[in-house]
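In what follows, a single structure is set out as structure tokens and then discussed.
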Amino acid sequence: MKLTAEQEREILRECVEKDECYRIFRQYLNLIRSIAIKIYRSRNIPFTSQDMEDRVQDVFEVLFKYNKQKLRQYDPQHGLRFEGWIRLIAVQTVLDYFRRKKEFLNVTDEKIRIPVEDMDMISGEKRAGTDAETQCIMADAIEKLPPDQKLVLKLEYFKGLSPQEISKITGKTVNNVYQIKNRALENLRKILG
């Protein structure tokens, strides 16, 4: 339900002056979630419901930290409705998240180079042909993997990151990173036959 300007000012006042912020949370939760989803989709980045909850939490943390500083900064005299202010903060917060992770999120467009001994381990046998041929075959196989599996392999092999570092970047648990890697390796074995 869209609020009037007066209703917006009232729930803002309740939160800032009386520390009753539940109505702000309830009113803008779906708006913030939809903004996060649009930003992920516009960048062709796969996401989970946990990713969305994390981004929503990031936005509310920004709104409520330092004694609700961002909420206190809102001034209707600047011609922006409170919903517009929330929208602006949500977009900035989600984009800031991506700016911090940019180096790692761009890795999905790069070809991966896996050490030959690791390729032998993945395929389960010593492959015939040159290292370059094997690299090419492996790169093509990796491109056929689902986005999350491709990303985990690329971060590990291309960027040389540990599962713990990958966990921090992707927002997944370390165990989940291991599971994704194992599924990726299993899928590679099937692809490489």
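Ordered as shown in the structure tokens, chains take letters A, B, and onward, while each chain numbers its residues from 1 and ligands are numbered from 1 in the order shown.
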Spatial neighbours of Leu80 of chain A, 12 Å, only C-alpha atoms, chain gap at least 6 places, as a ChimeraX atom specification: /A:5,8,74,86-88
Within 7 Å of segment 33-40 of chain A using only C-alpha atoms, minus same-chain residues under 4 positions, as an MDAnalysis selection string: chainID A and resid 29 44:45 52 55:56 91 94
May I have the selected residues written with C-alpha atoms, as a short mmCIF file (atom, residue, chain, number, x, y, z; two decimals), in the first residue's frame?
```cif
data_model
loop_
_atom_site.label_atom_id
_atom_site.label_comp_id
_atom_site.auth_asym_id
_atom_site.auth_seq_id
_atom_site.Cartn_x
_atom_site.Cartn_y
_atom_site.Cartn_z
CA LEU A 29 10.95 -4.46 2.91
CA ASN A 44 23.39 -11.03 -14.90
CA ILE A 45 24.58 -12.18 -11.48
CA MET A 52 18.47 -10.99 -1.21
CA ARG A 55 21.21 -7.09 0.73
CA VAL A 56 17.96 -6.11 2.48
CA VAL A 91 20.27 1.50 -4.67
CA VAL A 94 23.46 -2.51 -3.09
#
```
DSSP-assigned alpha helix (DSSP H) members of chain A, reported as a ChimeraX atom specification: /A:5-18,22-42,49-73,82-105,116-123,131-143,147-153,163-170,174-192
Among the residues A:Tyr28, A:Tyr66, A:Tyr157, A:Tyr178, the one that comes closest to Phe82 of chain A [using only C-alpha atoms]: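 Smallest distance to Phe82 of chain A is found for A:Tyr28.
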Spatial neighbours of Leu12 of chain A, max dist 12 Å, only C-alpha atoms, sep filter under 2 positions, as a ChimeraX atom specification: /A:3,5-10,14-25,27-28,63-64,68,70-76,81-83,85-86
Contacts of Leu145 of chain A within 8 Å, only C-alpha atoms, excl. fewer than 5 positions in-chain, as a PDB file with N, CA and C atoms, in the first residue's frame:
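around_38.pdb, written as the output of this step:
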```
ATOM      1  N   LYS A 150      30.760 -22.351 -11.866  1.00  0.00           N
ATOM      2  CA  LYS A 150      31.789 -21.706 -12.684  1.00  0.00           C
ATOM      3  C   LYS A 150      32.518 -20.637 -11.862  1.00  0.00           C
ATOM      4  N   ALA A 184      30.801 -29.078  -9.060  1.00  0.00           N
ATOM      5  CA  ALA A 184      31.421 -28.604 -10.302  1.00  0.00           C
ATOM      6  C   ALA A 184      32.411 -29.648 -10.838  1.00  0.00           C
ATOM      7  N   ASN A 187      30.499 -32.551 -12.214  1.00  0.00           N
ATOM      8  CA  ASN A 187      29.912 -32.201 -13.520  1.00  0.00           C
ATOM      9  C   ASN A 187      30.978 -32.142 -14.606  1.00  0.00           C
ATOM     10  N   LEU A 188      32.169 -31.665 -14.255  1.00  0.00           N
ATOM     11  CA  LEU A 188      33.260 -31.643 -15.234  1.00  0.00           C
ATOM     12  C   LEU A 188      33.642 -33.055 -15.659  1.00  0.00           C
TER      13      LEU A 188
END
```
Point-to-point distance in Å for atom CA of Glu156 of chain A and atom CA of Lys168 of chain A: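 According to the coordinates, atom CA of Lys168 of chain A and atom CA of Glu156 of chain A are separated by 12.9 Å.
Minimum distance to Arg99 of chain A across A:Gln179, A:Ile169, A:Thr4, A:Asp140 (counting only C-alpha atoms) occurs at A:Ile169.
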Point-to-point distance in Å for atom CA of Ile142 of chain A and atom CA of Phe47 of chain A: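 These two atoms are separated by 19.4 Å.
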Point-to-point distance in Å for atom CA of Gln149 of chain A and atom CA of Ile180 of chain A: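 Computed distance, atom CA of Ile180 of chain A to atom CA of Gln149 of chain A, equals 5.6 Å.
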